[in-house]
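Worksheet for the structure shown next.
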Amino acid sequence: MQICVCVFLQEARCGYVIILMALYWCTECMPLAVTALMPVVLFPMMGIMKAGPVSMEYLKDSNMLFIGGLLVAIAVEHWNLHKRIALGVLLLVGVRPSLLMMGFMIVSSFLSMWISNTATTAMMLPIAHAVLQQLKATEVQAEERDYQASAHNNPAFELEIRQTKHDIINEKQPPVDTKTQLENGPRKKAMEAKYDLLTKGMSLSVCYSASIGGTATLTGTTPNLILKGQMDELFPENGDVINFASWFGFAFPNMVLMLVFSWLWLQFMYLGFNLKQSFGCGMKSDRDKEAYAVMKTEYRKLGSMRFAEGAVLTIFILLVILWFTREPGFIDGWATVLFNKEGEFVSDGTVLRVMITCGCMFTLFLGLTGKVKNALPTLLNWRVVNERMPWNIIILLGGGFALAAGSERSGLSKWLGESLAPLQQIPAFAISLLLCLLVATFTECSSNTATTTLFLPILASMATAINLHPLYVMLPCTVAASLAFMLPVATPPNAIAFSFGNLKVIDMVKSGFMLNIIGILTVNLGINTWGYAMFDMANFPVWANSTSQP
């Protein structure tokens, strides 16, 4: 009896810590990273875990993968490689409204696969607004030319102009030129309304596509890495089921689907479906050419590609190739053949750290031997890294892994799983759909990192209790945690777009609500089709019965 009470007390103590941290994370009464350090103090004091094992949770392989991914992203940003890629793609797409929106969404989603969503949004929005301002200015000039041309070609209109001038002379009023008449007329109001809608739509398309793009790669956004870390913590014998290649195989098609449906919805909301006007083929008008010239000028300002940009691009391409070929799944990868025959020695994080080290050593060698004129000693210096590295997120990741470990060791995860056993009577697809709705709603008022940290251990326990493949609920809920589209405070990209695009909260709610529904439906489509086959969801995995032990 005494032993049962002690076990129950351990579960209750761990539950208390989780509830306390959830409350602090939701209210942000303390910085998120400070709250994430609470297990270091509370778990040893409550007898849940020893101080050493708790502290080790804060620098696991997933944390190192996150740090390495950010170092590559910082290097790309530092040398403006992302801006060169963005402007190059936009010059190919063109400046017609629908094509322009499509171009900005493609570029934003691609960049946010590799660099932070916030940095992508902060870079793309000024470019979008500069192009829109030029389009507007060009259209005003074109309307003025049309106004003057109609005055010369229409005798009745010309007579009206003469009469207006006569009245002005007789009444000694200041003259009003045709430009002023245009600006004060109904055409001006219609044009203002048109570009107000276009600005809102373009701003939302950039921030939404940045959030969507981050779901496509394992290092694209923090929740993806939390899933990887939680899987390795809760199911240590999972055989590296979540790696860069397997995540990309599932998430990239889902990202493309979400992007297409999101573009169609924003097109309907802010541009309408006049396909001829939006896509209009044939010769470019003067206003199109002038807006195109703005992007061309911005691209020329970057100059020719420097050595550092080329080096970063080379490292980036090699890194992606090595990630995809490390363990592709359908054949043995190079890591399996060379290093991992007797265990998981080389991971995605190892590959990343090797490439970063080689890149720094290569540029240092060239600088010392004088092979490259005026070569910098390294591609990245520590001052830049220290300024741009989000150290608080690394601690936040560690706090999530510590919570998962504490839940497992205290028996709280097992108790929660047994309590949720009646859910076995509900169809699996309905469970996944409802949980995604719950997570997507919760992430609107809480950070996506905190949301995944709190939900994933519970979902893992529930899945094992009802003999459901853990990834069937954990994977779509991880993606759903990034679907924070409805409120400006939900994510930093939303807040940046809100400040740029003259948006009201209701604009974001109307657009974001439908995008949330689209995201939930597409990810559940994915987990029940190609994801079902990829991860063998029909069978309960053997590794799910082998959880981490105290």
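So you can find residues: chains in the structure tokens are A, B, ... in the order shown, residues in each start at 1, and ligands are numbered from 1 in order.
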Contact residues around segment 205-212 of chain A with only C-alpha atoms at 6 Å, ignoring same-chain residues under 2 positions, as a VMD selection string:
chain A and resid 105 108 to 109 112 117 121 201 to 203 214 to 215 493 to 494
Export C-alpha atoms of the chosen residues as a PDB file, in the first residue's frame?
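The result, written out as selection_10.pdb:
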ATOM      1  CA  MET A 105       4.766  32.262 -51.685  1.00  0.00           C
ATOM      2  CA  SER A 108       9.095  32.360 -48.878  1.00  0.00           C
ATOM      3  CA  SER A 109       8.226  28.691 -48.372  1.00  0.00           C
ATOM      4  CA  SER A 112      11.816  29.006 -44.603  1.00  0.00           C
ATOM      5  CA  ASN A 117      10.356  31.751 -40.650  1.00  0.00           C
ATOM      6  CA  THR A 121       9.205  37.129 -43.518  1.00  0.00           C
ATOM      7  CA  GLY A 201      -3.090  39.695 -49.560  1.00  0.00           C
ATOM      8  CA  MET A 202       0.625  39.918 -50.356  1.00  0.00           C
ATOM      9  CA  SER A 203       1.570  40.467 -46.700  1.00  0.00           C
ATOM     10  CA  GLY A 214       8.952  25.476 -42.241  1.00  0.00           C
ATOM     11  CA  THR A 215       6.991  22.224 -41.946  1.00  0.00           C
ATOM     12  CA  PRO A 493       5.819  36.158 -38.957  1.00  0.00           C
ATOM     13  CA  ASN A 494       2.158  37.039 -38.310  1.00  0.00           C
TER      14      ASN A 494
END
Residues of segment 378-474 of chain A at most 8 Å from segment 507-522 of chain A: nearest atom pair and distance in Å, only C-alpha atoms, as JSON lines:
{"residue": "A:Leu433", "atom": "CA", "partner": "A:Ile520", "partner_atom": "CA", "distance": 7.2}
{"residue": "A:Cys436", "atom": "CA", "partner": "A:Ile520", "partner_atom": "CA", "distance": 6.4}
{"residue": "A:Leu437", "atom": "CA", "partner": "A:Ile520", "partner_atom": "CA", "distance": 7.1}
{"residue": "A:Ala440", "atom": "CA", "partner": "A:Asn516", "partner_atom": "CA", "distance": 7.3}
Those selected residues, please, written with C-alpha atoms and delivered as a CSV table (one decimal), in the first residue's frame.
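Final output, saved to result35.csv:
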chain,number,residue,atom,x,y,z
A,433,LEU,CA,-8.5,14.8,-36.8
A,436,CYS,CA,-5.1,18.2,-34.8
A,437,LEU,CA,-8.0,20.6,-34.2
A,440,ALA,CA,-4.1,24.0,-33.9
Restricting the calculation to only C-alpha atoms: of A:Lys228, A:Thr449, A:Val256, A:Lys296, which residue gets closest to Asn392 of chain A?
A:Thr449
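Considering only C-alpha atoms, the residue among A:Gly531, A:Leu87, A:Trp25, A:Ala51 positioned nearest to Glu298 of chain A is A:Leu87.
Atom pair atom CA of Ile115 of chain A / atom CA of Ala73 of chain A: separated by 4.7 Å.
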